[in-house]
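Read through the structure below, which is laid out as structure tokens, and then see the notes.
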Amino acid sequence: MKIRSRKFEGRCARHKRYNPPVDGQGAIKGGCKRCDLLFEIWEASLKLNQLIRKFDPAHDDLERPPAPKPPAHDPRQLSLIGE
Ligand SMILES: [Zn+2]
């Protein structure tokens with residue numbers, strides 16, 4: 001089944017700048033139903049990602065965490081070089 005690799009372009013006509021991941025549910029003005037729905041869609045997509053990850057972590061291709069940074073220089077090594 002094909003359910004991911006999909007970009008959702010929906011936005012509220014009255015509140016074009018409303019962006020659920022950034023603004024959160026608290027930024028919905030006047031209990032706007034469209035904004036509320038956008039928030040629900042975003043929440044559902046998070047839930048979907050969680051479920052897919054739970055089912056098989058190897059299928060997690062969109063929300064891969066950033067690669068860990070290389071470890072900083074070990075101060076003990078530096079002191080060895082200095083001696
Ligand atoms: Zn709205």
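By convention in this document, the chains of the structure tokens carry letters A, B, ... by their order, each chain's residues are numbered from 1, and ligands are numbered from 1 in the order they are shown.
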Would you write out, as CSV, a table of all residues in chain A that have an atom no more than 7 Å from an atom of ligand 1, listing for each the closest atom pair and the distance in Å to one decimal, considering only C-alpha atoms and all ligand atoms and ordering rows by chain and rising residue number?
```
residue,atom,partner,partner_atom_place_in_ligand_line,distance
A:Cys12,CA,ligand 1,1 (Zn),4.7
A:Ala13,CA,ligand 1,1 (Zn),6.6
A:Arg14,CA,ligand 1,1 (Zn),5.1
A:His15,CA,ligand 1,1 (Zn),4.5
A:Ile28,CA,ligand 1,1 (Zn),6.7
A:Lys29,CA,ligand 1,1 (Zn),6.6
A:Cys32,CA,ligand 1,1 (Zn),4.7
A:Lys33,CA,ligand 1,1 (Zn),6.6
A:Arg34,CA,ligand 1,1 (Zn),5.0
A:Cys35,CA,ligand 1,1 (Zn),4.1
```
Output file for the residues above (N, CA and C atoms, as a CSV table (one decimal), in the first residue's frame):
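Produced file out.csv, reproduced below:
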```csv
chain,number,residue,atom,x,y,z
A,12,CYS,N,-6.2,26.8,5.5
A,12,CYS,CA,-7.4,27.5,5.8
A,12,CYS,C,-7.5,28.8,4.9
A,13,ALA,N,-8.6,29.0,4.2
A,13,ALA,CA,-8.8,30.2,3.4
A,13,ALA,C,-8.8,31.4,4.2
A,14,ARG,N,-9.3,31.4,5.4
A,14,ARG,CA,-9.4,32.6,6.3
A,14,ARG,C,-8.1,32.8,7.0
A,15,HIS,N,-7.4,31.8,7.3
A,15,HIS,CA,-6.1,31.9,8.1
A,15,HIS,C,-5.0,31.2,7.3
A,28,ILE,N,-5.3,28.5,16.8
A,28,ILE,CA,-6.6,28.5,16.0
A,28,ILE,C,-7.5,29.6,16.5
A,29,LYS,N,-7.9,30.5,15.5
A,29,LYS,CA,-8.6,31.7,15.9
A,29,LYS,C,-10.1,31.4,15.9
A,32,CYS,N,-12.0,28.1,14.6
A,32,CYS,CA,-12.2,27.9,13.2
A,32,CYS,C,-12.1,26.4,12.9
A,33,LYS,N,-13.2,25.9,12.2
A,33,LYS,CA,-13.3,24.5,11.9
A,33,LYS,C,-12.2,24.0,10.9
A,34,ARG,N,-11.9,24.9,10.0
A,34,ARG,CA,-10.9,24.5,8.9
A,34,ARG,C,-9.5,24.4,9.6
A,35,CYS,N,-9.2,25.3,10.4
A,35,CYS,CA,-7.9,25.3,11.1
A,35,CYS,C,-7.8,24.1,12.0
```
Do a neighbour search on range 37-39 of chain A at 12 Å with only C-alpha atoms, toss out local chain neighbours closer than 4 positions, and write the hits as a PyMOL selection string.
chain A and resi 8-13+15-28+31-33+43-46
